[in-house]
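Below: start.txt (compact mmCIF, C-alpha atoms and all ligand atoms)
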```txt
# COMPACT_ATOMS: atom_id res chain seq x y z
CA MET A 180 0.00 0.00 0.00
CA THR A 181 2.87 2.44 0.71
CA ASN A 182 3.84 2.22 -2.96
CA ASP A 183 0.58 3.90 -3.87
CA ILE A 184 1.56 7.15 -2.25
CA THR A 185 4.61 9.26 -2.79
CA ARG A 186 6.99 10.04 0.05
CA ARG A 187 6.06 13.70 -0.28
CA GLN A 188 2.37 12.97 0.04
CA TRP A 189 3.15 10.87 3.07
CA LEU A 190 5.27 13.57 4.67
CA THR A 191 2.79 16.34 4.02
CA GLY A 192 -0.06 14.10 5.02
CA THR A 193 -2.10 14.89 1.92
CA THR A 194 -3.28 11.29 1.91
CA THR A 195 -4.81 11.46 5.34
CA THR A 196 -6.96 8.35 5.15
CA VAL A 197 -4.17 6.16 3.88
CA ALA A 198 -1.73 7.64 6.36
CA THR A 199 -4.03 7.08 9.29
CA SER A 200 -4.76 3.52 8.33
CA LEU A 201 -1.05 2.82 8.08
CA LEU A 202 -0.36 4.33 11.44
CA LEU A 203 -0.41 1.26 13.59
CA SER A 204 1.33 -1.05 11.16
CA ALA A 205 4.17 1.33 10.33
CA THR A 206 6.65 -0.05 12.84
CA SER A 207 9.68 1.10 10.86
CA ALA A 208 8.21 4.54 10.25
CA SER A 209 10.39 7.41 11.31
CA ALA A 210 10.31 10.70 9.40
CA GLN A 211 6.60 10.28 8.89
CA THR A 212 3.52 11.93 10.23
CA PHE A 213 -0.15 11.25 10.27
CA MET A 214 -1.16 14.89 10.61
CA SER A 215 -2.26 16.54 7.37
CA ALA A 216 -1.72 20.24 6.63
CA ASN A 217 -4.72 22.38 7.43
CA VAL A 218 -5.11 24.88 4.60
CA THR A 219 -8.88 25.14 4.83
CA PRO A 220 -9.18 26.19 8.47
CA SER A 221 -12.56 26.62 10.10
CA ALA A 222 -13.87 27.77 13.47
CA GLN A 223 -13.88 24.15 14.63
CA ASN A 224 -10.49 23.39 13.12
CA PRO A 225 -8.36 26.56 13.16
CA ILE A 226 -4.64 26.77 12.36
CA ARG A 227 -3.00 26.82 15.76
CA ALA A 228 -0.07 29.23 15.66
CA HIS A 229 -0.52 30.45 19.23
CA PHE A 230 0.88 27.90 21.68
CA ASN A 231 4.23 26.81 20.18
CA GLU A 232 2.91 23.31 19.71
CA ASN A 233 4.17 20.72 17.25
CA THR A 234 1.39 20.46 14.70
CA TYR A 235 2.89 17.37 13.02
CA GLY A 236 2.01 15.16 15.95
CA GLN A 237 4.14 12.48 17.52
CA SER A 238 6.53 10.16 15.71
CA LEU A 239 4.72 7.06 14.48
CA LYS A 240 6.99 4.97 16.69
CA ALA A 241 5.85 6.96 19.72
CA ARG A 242 2.21 6.70 18.62
CA LYS A 243 2.48 2.95 18.36
CA ALA A 244 4.17 2.71 21.77
CA ILE A 245 1.39 4.84 23.31
CA ASP A 246 -1.33 2.72 21.70
CA ASP A 247 0.33 -0.54 22.77
CA ALA A 248 0.68 0.76 26.32
CA ALA A 249 -3.06 0.44 26.91
CA ASP A 250 -2.55 -3.27 27.66
CA ARG A 251 -0.39 -2.51 30.71
CA SER A 252 -1.75 0.83 31.83
CA HIS A 253 -3.62 -0.72 34.76
CA LEU A 254 -0.22 -1.08 36.47
CA TYR A 255 1.89 1.63 38.11
CA ALA A 256 4.41 3.24 35.80
CA PHE A 257 7.55 3.12 37.99
CA GLY A 258 9.36 0.57 35.82
CA ALA A 259 8.68 2.48 32.61
CA MET A 260 9.66 5.74 34.30
CA PHE A 261 13.02 4.24 35.35
CA GLU A 262 13.48 2.95 31.81
CA PHE A 263 12.81 6.40 30.36
CA ARG A 264 15.18 7.95 32.90
CA ALA A 265 17.87 5.45 31.85
CA THR A 266 17.25 6.35 28.19
CA ILE A 267 17.76 10.04 28.94
CA ALA A 268 20.82 9.30 31.09
CA LYS A 269 22.41 7.47 28.17
CA LEU A 270 21.49 10.13 25.62
CA GLU A 271 22.79 12.95 27.81
CA ASN A 272 25.70 11.03 29.31
CA ILE A 273 24.70 11.78 32.88
CA ASN A 274 24.07 9.63 35.95
CA PRO A 275 20.33 8.84 36.32
CA LYS A 276 20.48 10.15 39.90
CA TYR A 277 20.72 13.64 38.39
CA ILE A 278 17.47 13.24 36.45
CA GLY A 279 13.89 13.84 37.51
CA ILE A 280 10.91 12.89 35.35
CA GLY A 281 7.60 14.70 35.55
CA ALA A 282 4.27 15.39 33.88
CA GLY A 283 5.62 18.19 31.67
CA SER A 284 8.23 20.73 32.68
CA THR A 285 5.63 22.98 34.33
CA GLU A 286 5.84 20.58 37.26
CA PHE A 287 9.49 21.53 37.87
CA LEU A 288 8.92 25.26 37.44
CA GLU A 289 6.13 25.17 39.97
CA LYS A 290 8.10 23.06 42.44
CA ALA A 291 11.06 25.44 42.16
CA ALA A 292 8.73 28.36 42.89
CA VAL A 293 7.31 26.52 45.92
CA PHE A 294 10.77 25.81 47.37
CA SER A 295 11.84 29.39 46.78
CA ARG A 296 8.82 30.55 48.77
CA ILE A 297 9.18 27.95 51.52
CA ASP A 298 12.81 29.05 51.96
CA GLY A 299 11.58 32.63 52.29
CA GLY A 300 13.34 34.08 49.25
CA SER A 301 12.48 36.16 46.21
CA MET A 302 12.65 35.18 42.58
CA MET A 303 14.43 36.98 39.77
CA VAL A 304 13.29 36.59 36.16
CA THR A 305 13.67 38.30 32.80
CA TYR A 306 10.96 40.53 31.36
CA PRO A 307 9.37 39.33 29.16
CA THR A 308 9.80 35.61 29.55
CA TYR A 309 7.72 32.45 29.86
CA GLY A 310 5.17 33.41 32.47
CA ASP A 311 4.32 30.22 34.31
CA ILE A 312 6.86 30.51 37.11
CA ILE A 313 5.96 34.18 37.62
CA ARG A 314 2.23 33.50 37.86
CA PHE A 315 2.88 30.63 40.24
CA GLY A 316 5.25 32.72 42.38
CA GLU A 317 2.66 35.48 42.55
CA THR A 318 0.02 33.00 43.68
CA LEU A 319 2.35 31.96 46.48
CA GLY A 320 2.92 35.59 47.45
CA SER A 321 6.59 35.60 46.42
CA LYS A 322 8.41 38.82 45.64
CA ILE A 323 9.42 38.76 41.98
CA ILE A 324 12.13 40.95 40.49
CA GLN A 325 11.63 41.34 36.75
CA VAL A 326 14.64 42.50 34.75
CA PRO A 327 13.93 43.89 31.25
CA VAL A 328 15.69 42.36 28.24
CA GLY A 329 18.47 44.44 26.70
CA GLU A 330 18.25 46.72 23.68
CA ASP A 331 18.92 43.77 21.39
CA MET A 332 15.90 42.11 23.08
CA SER A 333 18.00 39.28 24.50
CA ILE A 334 18.34 38.41 28.19
CA ASN A 335 20.53 40.99 29.93
CA LEU A 336 22.76 39.13 32.39
CA ASP A 337 24.59 42.25 33.57
CA ALA A 338 21.28 43.92 34.41
CA MET A 339 20.34 40.81 36.36
CA ARG A 340 23.61 40.95 38.30
CA GLU A 341 22.83 44.58 39.15
CA ALA A 342 19.22 43.85 40.11
CA TYR A 343 20.22 40.99 42.42
CA THR A 344 19.40 41.52 46.09
CA ASP A 345 20.37 39.30 49.03
CA ASP A 346 16.91 37.81 49.39
CA VAL A 347 16.88 36.34 45.85
CA ASN A 348 17.13 32.56 46.09
CA LEU A 349 15.88 31.57 42.62
CA ILE A 350 16.91 32.96 39.22
CA TYR A 351 14.89 31.79 36.23
CA LEU A 352 16.46 31.93 32.77
CA CYS A 353 14.58 30.72 29.74
CA ASN A 354 17.07 29.73 27.03
CA PRO A 355 15.98 30.12 24.25
CA ASN A 356 13.69 32.72 25.70
CA ASN A 357 9.94 32.84 25.05
CA PRO A 358 8.20 34.93 23.63
CA ILE A 359 11.41 36.41 22.20
CA PRO A 360 13.31 33.48 20.67
CA THR A 361 16.81 34.72 21.49
CA ILE A 362 19.55 32.69 23.18
CA ILE A 363 22.08 33.64 25.83
CA GLU A 364 25.67 33.42 24.57
CA LYS A 365 27.10 30.21 26.02
CA ASN A 366 30.29 31.54 27.68
CA ALA A 367 28.48 34.50 29.24
CA LEU A 368 25.78 32.16 30.52
CA ARG A 369 28.28 29.67 31.96
CA GLU A 370 30.10 32.48 33.75
CA PHE A 371 26.83 33.88 35.10
CA CYS A 372 25.70 30.46 36.33
CA LEU A 373 28.98 29.75 38.11
CA GLU A 374 29.04 33.18 39.74
CA MET A 375 25.38 33.53 40.69
CA SER A 376 24.84 29.92 41.78
CA GLU A 377 26.98 30.83 44.81
CA LYS A 378 24.08 33.08 45.84
CA ALA A 379 20.90 31.52 44.43
CA THR A 380 19.53 28.49 42.60
CA ILE A 381 19.66 29.03 38.85
CA LEU A 382 16.90 27.35 36.84
CA ILE A 383 17.59 27.23 33.11
CA ASP A 384 14.48 26.34 31.13
CA GLU A 385 15.57 24.66 27.89
CA ALA A 386 12.08 23.87 26.58
CA TYR A 387 13.12 24.68 22.99
CA TYR A 388 16.56 23.07 23.22
CA GLU A 389 15.96 20.60 20.36
CA TYR A 390 15.24 23.38 17.87
CA VAL A 391 18.38 25.43 18.50
CA ASP A 392 20.88 25.55 15.66
CA ASN A 393 23.28 28.21 16.85
CA GLU A 394 26.98 27.84 17.64
CA ASN A 395 26.67 30.42 20.41
CA PHE A 396 24.24 28.23 22.32
CA ALA A 397 25.11 25.52 24.84
CA SER A 398 22.97 23.53 27.22
CA MET A 399 23.96 23.97 30.87
CA ILE A 400 23.54 20.26 31.67
CA GLU A 401 27.31 19.93 32.01
CA LEU A 402 27.27 22.37 34.93
CA VAL A 403 24.66 20.34 36.77
CA LYS A 404 27.17 17.50 37.14
CA GLU A 405 29.45 19.62 39.33
CA ASN A 406 27.22 22.31 40.75
CA LYS A 407 24.65 21.81 43.49
CA ASN A 408 22.65 24.91 42.72
CA ILE A 409 21.72 24.63 39.05
CA ILE A 410 18.58 23.08 37.56
CA VAL A 411 18.04 22.49 33.84
CA THR A 412 14.54 21.66 32.61
CA ARG A 413 13.43 20.20 29.29
CA THR A 414 10.09 19.13 27.91
CA ALA A 415 8.66 16.57 25.51
CA SER A 416 5.89 19.07 24.68
CA LYS A 417 7.73 20.73 21.80
CA ILE A 418 9.71 18.70 19.26
CA HIS A 419 8.30 15.44 20.62
CA ALA A 420 4.71 16.73 20.31
CA PHE A 421 3.75 15.47 23.78
CA ALA A 422 2.02 18.68 24.94
CA GLY A 423 -1.18 16.78 25.69
CA VAL A 424 0.61 13.64 26.88
CA ARG A 425 2.72 15.45 29.51
CA VAL A 426 6.36 14.47 29.89
CA GLY A 427 9.13 16.66 31.26
CA VAL A 428 12.75 16.03 32.22
CA CYS A 429 14.78 17.90 34.78
CA PHE A 430 18.50 17.73 35.53
CA ALA A 431 19.93 18.72 38.90
CA HIS A 432 22.12 17.55 41.76
CA PRO A 433 20.65 14.44 43.47
CA ASP A 434 19.92 16.52 46.60
CA ILE A 435 17.62 18.80 44.56
CA ILE A 436 16.09 15.85 42.73
CA LYS A 437 15.36 14.19 46.07
CA ARG A 438 13.79 17.34 47.46
CA MET A 439 11.60 17.76 44.38
CA PHE A 440 10.48 14.18 44.01
CA GLY A 441 11.08 12.31 47.25
CA MET A 442 12.36 8.90 46.21
CA PHE A 443 10.69 9.14 42.83
CA THR A 444 7.75 10.83 41.21
CA ASN A 445 4.38 9.23 40.63
CA SER A 446 3.00 11.98 38.43
CA THR A 447 3.92 10.26 35.18
CA ASN A 448 1.83 7.65 33.41
CA TYR A 449 2.66 4.42 31.65
CA ALA A 450 1.56 5.38 28.12
CA ALA A 451 3.48 8.66 28.31
CA MET A 452 6.64 6.88 29.45
CA ARG A 453 6.45 4.21 26.73
CA GLY A 454 5.80 6.89 24.11
CA ALA A 455 8.67 9.04 25.35
CA ILE A 456 11.14 6.14 25.31
CA ALA A 457 10.31 5.61 21.63
CA SER A 458 10.19 9.29 20.73
CA TYR A 459 13.53 10.30 22.25
CA GLN A 460 15.21 7.58 20.18
CA ASP A 461 13.52 8.49 16.90
CA PHE A 462 16.28 10.80 15.71
CA GLU A 463 15.15 10.76 12.09
CA TYR A 464 11.76 12.19 12.98
CA GLN A 465 13.36 14.93 15.06
CA ASP A 466 15.61 15.82 12.09
CA PHE A 467 12.56 15.93 9.85
CA LEU A 468 10.78 18.29 12.25
CA ARG A 469 13.81 20.58 12.56
CA GLN A 470 13.99 20.75 8.78
CA LYS A 471 10.28 21.60 8.50
CA ASN A 472 10.63 24.20 11.25
CA LYS A 473 13.41 25.88 9.28
CA GLU A 474 11.31 25.88 6.13
CA SER A 475 8.41 27.44 8.00
CA LEU A 476 10.60 30.10 9.59
CA GLN A 477 12.04 30.98 6.18
CA ILE A 478 8.54 31.48 4.79
CA CYS A 479 7.93 34.01 7.58
CA TYR A 480 11.29 35.73 7.15
CA ASP A 481 10.64 36.15 3.42
CA MET A 482 7.42 37.98 4.15
CA PHE A 483 8.94 40.07 6.96
CA GLU A 484 11.71 41.18 4.57
CA GLU A 485 9.21 41.92 1.82
CA LEU A 486 7.01 44.01 4.12
CA ASN A 487 9.97 45.52 5.96
CA LEU A 488 8.88 44.21 9.33
CA PRO A 489 11.60 43.96 12.01
CA TYR A 490 11.92 40.45 13.46
CA ILE A 491 14.05 38.30 15.72
CA LYS A 492 15.93 35.41 14.10
CA SER A 493 14.44 32.43 15.84
CA ASN A 494 16.21 29.77 17.89
CA ALA A 495 12.96 27.94 18.52
CA ASN A 496 9.69 26.92 16.86
CA PHE A 497 8.17 30.39 16.88
CA THR A 498 9.00 33.84 15.58
CA PHE A 499 8.58 37.31 17.05
CA PHE A 500 8.04 40.21 14.67
CA LYS A 501 7.09 43.85 14.86
CA ALA A 502 3.72 44.19 13.23
CA GLY A 503 3.68 47.93 13.89
CA ARG A 504 0.13 47.64 15.21
CA PRO A 505 -1.24 46.07 18.39
CA SER A 506 -0.76 42.31 18.52
CA LYS A 507 -4.31 42.17 19.88
CA GLU A 508 -5.57 43.70 16.63
CA VAL A 509 -3.55 41.24 14.54
CA ALA A 510 -4.86 38.33 16.62
CA ALA A 511 -8.47 39.49 16.20
CA VAL A 512 -8.18 39.86 12.41
CA MET A 513 -6.36 36.55 11.99
CA LYS A 514 -8.99 34.84 14.12
CA LYS A 515 -11.64 35.85 11.61
CA HIS A 516 -9.68 33.72 9.13
CA HIS A 517 -9.53 30.88 11.70
CA ILE A 518 -5.84 31.43 12.38
CA LEU A 519 -4.82 31.62 16.04
CA SER A 520 -1.76 33.82 16.66
CA GLY A 521 0.07 34.66 19.87
CA ARG A 522 -1.42 36.84 22.59
CA GLU A 523 -0.07 40.23 23.65
CA PHE A 524 3.33 40.21 25.37
CA LYS A 525 4.04 43.35 27.32
CA PRO A 526 5.95 45.63 26.92
CA PHE A 527 6.19 44.62 23.23
CA THR A 528 2.54 45.22 22.51
CA ASN A 529 3.14 45.88 18.79
CA TRP A 530 5.06 42.64 18.30
CA VAL A 531 3.47 39.33 17.42
CA ARG A 532 4.56 35.83 18.39
CA LEU A 533 3.72 33.32 15.73
CA SER A 534 4.25 29.60 16.34
CA MET A 535 5.53 27.56 13.43
CA THR A 536 3.10 25.14 11.88
CA LYS A 537 3.59 23.15 8.68
CA PRO A 538 5.11 25.08 5.73
CA GLU A 539 1.85 24.75 3.76
CA GLU A 540 0.00 26.36 6.66
CA MET A 541 2.63 29.06 7.10
CA ARG A 542 2.25 29.98 3.42
CA TYR A 543 -1.48 30.25 3.97
CA ILE A 544 -0.99 32.42 7.08
CA MET A 545 1.40 34.71 5.20
CA GLN A 546 -1.08 35.04 2.34
CA VAL A 547 -3.78 36.13 4.76
CA TYR A 548 -1.41 38.50 6.58
CA ARG A 549 -0.32 40.14 3.31
CA LYS A 550 -3.92 40.56 2.27
CA GLU A 551 -4.95 42.12 5.57
CA PHE A 552 -1.87 44.13 6.51
CA GLY A 553 0.57 44.16 3.57
C1 LIG A 601 9.71 28.12 27.93
C2 LIG A 601 8.67 27.14 28.32
N1 LIG A 601 8.84 26.40 29.41
C3 LIG A 601 7.93 25.51 29.80
C4 LIG A 601 6.77 25.32 29.09
C5 LIG A 601 5.74 24.36 29.61
O1 LIG A 601 5.89 23.18 29.01
P1 LIG A 601 5.28 21.81 29.53
O2 LIG A 601 4.29 21.43 28.52
O3 LIG A 601 6.48 20.92 29.54
O4 LIG A 601 4.73 21.96 30.90
C6 LIG A 601 6.54 26.07 27.93
C7 LIG A 601 5.30 25.90 27.16
O5 LIG A 601 5.00 26.54 26.21
C8 LIG A 601 7.52 27.00 27.53
O6 LIG A 601 7.36 27.77 26.46
```

Take the structure in the file and write it out as structure tokens.
Amino acid sequence: MTNDITRRQWLTGTTTTVATSLLLSATSASAQTFMSANVTPSAQNPIRAHFNENTYGQSLKARKAIDDAADRSHLYAFGAMFEFRATIAKLENINPKYIGIGAGSTEFLEKAAVFSRIDGGSMMVTYPTYGDIIRFGETLGSKIIQVPVGEDMSINLDAMREAYTDDVNLIYLCNPNNPIPTIIEKNALREFCLEMSEKATILIDEAYYEYVDNENFASMIELVKENKNIIVTRTASKIHAFAGVRVGVCFAHPDIIKRMFGMFTNSTNYAAMRGAIASYQDFEYQDFLRQKNKESLQICYDMFEELNLPYIKSNANFTFFKAGRPSKEVAAVMKKHHILSGREFKPFTNWVRLSMTKPEEMRYIMQVYRKEFG
């Protein structure tokens, strides 16, 4: 049956029925997806360019593992969780004792905020950045110091050094940042982490790590091996397309891991673990997604250049551009065309965050944008 469809059709999912029916039998599938491009969006089925999701869906290997997991999902997931942890340990060359597994990375951000509050400290973050830890800290009544990004719109480490006060016990750095997809230069970040971890816990959120293709970027996992005060978080919600399945990975000294999870977490589930074990080892599918992400970004950049719109070169699966009009207005107009774009991010109220979807969909979005605002 596969001979009846071309590889391109398969990749773009234009043969949805065939693709779906092949889903469960395609054990050797890798750079393949069952999700078709949505170029006729409707109110019920809009193009989702607002949440930085992966609109291709999971790797077929992960899908099969998730489906097969139903047979054993009446049992606790500890064994599968340990297996996933061992998979990550091998991939990242780190002792499993330094790894915590959770139901998405939000779990770690919220726990870090709780410990910061319990220990009676304040939190320092960039402004703007991913808002979950801030909202959670506010709910707990924590004092939060927000340090604006620099003129180049990237995280300003020197300003953070200056803003530091003795009561700060948690510093949150999102790298790449969100909503502005910049990175922190690796040597400057390493230096900052070594210096400031003497005074506070540094949490580096690497949610978009798998998309980065920039020689100035480095993960801070290496530091975790020697430093007791650094936490690195990752998520399966982005390139692995597990946003609704919920898997997150966190790296930290075993003392921090123990404090966060006790002996081990029970927030994960069996299907998620089996799917993640398959997904993290499907390198071909990840390469395919990175390639598609680049294509989609280029489609946006071409239009930004054509319309003379300033934009940030992305290190993630979303772009940030200056629409020159309120992002709220852009979102409202795009919504009429059943396209969901990013919300307003203060203080950049005239900038729009647009999540990458499939290239076919990005072309459609750009067409609509040109028509409305070009
Ligand atoms: C920077 C960042 N960190 C964490 C998250 C939350 O991810 P998860 O689904 O792993 O809880 C997101 C989600 O968009 C994000 O952008």

Could you list the protein, DNA and RNA residues that have any atom within 9 Å of ligand LIG 601 (chain A), counting all atoms listed in the file, and write them as a VMD selection string? chain A and resid 230 to 232 281 to 288 308 to 312 353 to 358 384 to 387 412 to 417 421 to 428

If we count only C-alpha atoms, what is near region 477-491 of chain A at a cut-off of 12 Å, once residues fewer than 3 positions away on the same chain are taken out, given as an mmCIF file with C-alpha atoms, keeping the file's coordinate frame?
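After the write, part_24.cif holds the following:
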```
data_model
loop_
_atom_site.group_PDB
_atom_site.id
_atom_site.type_symbol
_atom_site.label_atom_id
_atom_site.label_comp_id
_atom_site.auth_asym_id
_atom_site.auth_seq_id
_atom_site.Cartn_x
_atom_site.Cartn_y
_atom_site.Cartn_z
ATOM 1 C CA ASP A 331 18.920 43.770 21.390
ATOM 2 C CA MET A 332 15.900 42.110 23.080
ATOM 3 C CA SER A 333 18.000 39.280 24.500
ATOM 4 C CA PRO A 355 15.980 30.120 24.250
ATOM 5 C CA ASN A 356 13.690 32.720 25.700
ATOM 6 C CA ASN A 357 9.940 32.840 25.050
ATOM 7 C CA PRO A 358 8.200 34.930 23.630
ATOM 8 C CA ILE A 359 11.410 36.410 22.200
ATOM 9 C CA PRO A 360 13.310 33.480 20.670
ATOM 10 C CA THR A 361 16.810 34.720 21.490
ATOM 11 C CA ILE A 362 19.550 32.690 23.180
ATOM 12 C CA GLN A 470 13.990 20.750 8.780
ATOM 13 C CA LYS A 471 10.280 21.600 8.500
ATOM 14 C CA ASN A 472 10.630 24.200 11.250
ATOM 15 C CA LYS A 473 13.410 25.880 9.280
ATOM 16 C CA GLU A 474 11.310 25.880 6.130
ATOM 17 C CA ASN A 494 16.210 29.770 17.890
ATOM 18 C CA ALA A 495 12.960 27.940 18.520
ATOM 19 C CA ASN A 496 9.690 26.920 16.860
ATOM 20 C CA PHE A 497 8.170 30.390 16.880
ATOM 21 C CA THR A 498 9.000 33.840 15.580
ATOM 22 C CA PHE A 499 8.580 37.310 17.050
ATOM 23 C CA PHE A 500 8.040 40.210 14.670
ATOM 24 C CA LYS A 501 7.090 43.850 14.860
ATOM 25 C CA ALA A 502 3.720 44.190 13.230
ATOM 26 C CA GLY A 503 3.680 47.930 13.890
ATOM 27 C CA ARG A 504 0.130 47.640 15.210
ATOM 28 C CA ASN A 529 3.140 45.880 18.790
ATOM 29 C CA TRP A 530 5.060 42.640 18.300
ATOM 30 C CA VAL A 531 3.470 39.330 17.420
ATOM 31 C CA ARG A 532 4.560 35.830 18.390
ATOM 32 C CA LEU A 533 3.720 33.320 15.730
ATOM 33 C CA SER A 534 4.250 29.600 16.340
ATOM 34 C CA MET A 535 5.530 27.560 13.430
ATOM 35 C CA THR A 536 3.100 25.140 11.880
ATOM 36 C CA LYS A 537 3.590 23.150 8.680
ATOM 37 C CA PRO A 538 5.110 25.080 5.730
ATOM 38 C CA GLU A 539 1.850 24.750 3.760
ATOM 39 C CA GLU A 540 0.000 26.360 6.660
ATOM 40 C CA MET A 541 2.630 29.060 7.100
ATOM 41 C CA ARG A 542 2.250 29.980 3.420
ATOM 42 C CA TYR A 543 -1.480 30.250 3.970
ATOM 43 C CA ILE A 544 -0.990 32.420 7.080
ATOM 44 C CA MET A 545 1.400 34.710 5.200
ATOM 45 C CA GLN A 546 -1.080 35.040 2.340
ATOM 46 C CA VAL A 547 -3.780 36.130 4.760
ATOM 47 C CA TYR A 548 -1.410 38.500 6.580
ATOM 48 C CA ARG A 549 -0.320 40.140 3.310
ATOM 49 C CA LYS A 550 -3.920 40.560 2.270
ATOM 50 C CA PHE A 552 -1.870 44.130 6.510
ATOM 51 C CA GLY A 553 0.570 44.160 3.570
#
```

Excluding region 509-517 of chain A and any residue of its chain fewer than 6 positions from it, enumerate the residues within 6 Å of it, using only C-alpha atoms, and give them as a PyMOL selection string. chain A and resi 220-222+225

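Proximity of A:Ile280, A:Lys507, A:Glu405, A:Val347 to Phe257 (chain A), computed with all atoms listed in the file, is greatest for A:Ile280.
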
From the options A:Gln223, A:Ser215, A:Thr234, A:Asn274, which residue's atoms come nearest to Glu401 (chain A), counting all atoms listed in the file? A:Asn274

Please, what distance in Å, to one decimal, runs between CA of Glu551 (chain A) and CA of Ile518 (chain A)? 12.7 Å

Could you work out how far CA of Pro526 (chain A) lies from CA of Pro307 (chain A), giving the answer in Å with one decimal? 7.5 Å

Select region 278-293 of chain A in the preceding structure and write N, CA and C atoms to a file as a PDB file, in the first residue's frame.
```pdb
ATOM      1  N   ILE A 278      18.616  13.010  37.349  1.00  0.00           N
ATOM      2  CA  ILE A 278      17.465  13.236  36.454  1.00  0.00           C
ATOM      3  C   ILE A 278      16.146  13.048  37.204  1.00  0.00           C
ATOM      4  N   GLY A 279      15.248  13.996  37.002  1.00  0.00           N
ATOM      5  CA  GLY A 279      13.887  13.844  37.510  1.00  0.00           C
ATOM      6  C   GLY A 279      12.927  13.818  36.328  1.00  0.00           C
ATOM      7  N   ILE A 280      11.889  12.991  36.440  1.00  0.00           N
ATOM      8  CA  ILE A 280      10.907  12.887  35.353  1.00  0.00           C
ATOM      9  C   ILE A 280       9.567  13.386  35.881  1.00  0.00           C
ATOM     10  N   GLY A 281       8.878  14.178  35.081  1.00  0.00           N
ATOM     11  CA  GLY A 281       7.600  14.703  35.546  1.00  0.00           C
ATOM     12  C   GLY A 281       6.547  14.742  34.453  1.00  0.00           C
ATOM     13  N   ALA A 282       5.383  15.252  34.822  1.00  0.00           N
ATOM     14  CA  ALA A 282       4.275  15.387  33.878  1.00  0.00           C
ATOM     15  C   ALA A 282       4.386  16.756  33.199  1.00  0.00           C
ATOM     16  N   GLY A 283       5.354  16.887  32.297  1.00  0.00           N
ATOM     17  CA  GLY A 283       5.618  18.190  31.668  1.00  0.00           C
ATOM     18  C   GLY A 283       6.601  18.970  32.518  1.00  0.00           C
ATOM     19  N   SER A 284       7.212  19.991  31.924  1.00  0.00           N
ATOM     20  CA  SER A 284       8.229  20.734  32.678  1.00  0.00           C
ATOM     21  C   SER A 284       7.609  21.755  33.619  1.00  0.00           C
ATOM     22  N   THR A 285       6.330  22.067  33.415  1.00  0.00           N
ATOM     23  CA  THR A 285       5.627  22.977  34.328  1.00  0.00           C
ATOM     24  C   THR A 285       5.758  22.491  35.770  1.00  0.00           C
ATOM     25  N   GLU A 286       5.724  21.177  35.924  1.00  0.00           N
ATOM     26  CA  GLU A 286       5.837  20.581  37.257  1.00  0.00           C
ATOM     27  C   GLU A 286       7.109  21.065  37.974  1.00  0.00           C
ATOM     28  N   PHE A 287       8.225  21.129  37.248  1.00  0.00           N
ATOM     29  CA  PHE A 287       9.495  21.528  37.873  1.00  0.00           C
ATOM     30  C   PHE A 287       9.505  23.029  38.174  1.00  0.00           C
ATOM     31  N   LEU A 288       8.943  23.800  37.239  1.00  0.00           N
ATOM     32  CA  LEU A 288       8.925  25.257  37.444  1.00  0.00           C
ATOM     33  C   LEU A 288       8.105  25.566  38.698  1.00  0.00           C
ATOM     34  N   GLU A 289       6.990  24.890  38.820  1.00  0.00           N
ATOM     35  CA  GLU A 289       6.129  25.169  39.969  1.00  0.00           C
ATOM     36  C   GLU A 289       6.771  24.697  41.274  1.00  0.00           C
ATOM     37  N   LYS A 290       7.431  23.540  41.219  1.00  0.00           N
ATOM     38  CA  LYS A 290       8.104  23.060  42.445  1.00  0.00           C
ATOM     39  C   LYS A 290       9.222  24.018  42.837  1.00  0.00           C
ATOM     40  N   ALA A 291       9.967  24.500  41.857  1.00  0.00           N
ATOM     41  CA  ALA A 291      11.065  25.437  42.163  1.00  0.00           C
ATOM     42  C   ALA A 291      10.498  26.691  42.823  1.00  0.00           C
ATOM     43  N   ALA A 292       9.361  27.164  42.318  1.00  0.00           N
ATOM     44  CA  ALA A 292       8.732  28.363  42.893  1.00  0.00           C
ATOM     45  C   ALA A 292       8.279  28.074  44.334  1.00  0.00           C
ATOM     46  N   VAL A 293       7.758  26.883  44.569  1.00  0.00           N
ATOM     47  CA  VAL A 293       7.313  26.519  45.919  1.00  0.00           C
ATOM     48  C   VAL A 293       8.498  26.505  46.882  1.00  0.00           C
TER      49      VAL A 293
END
```
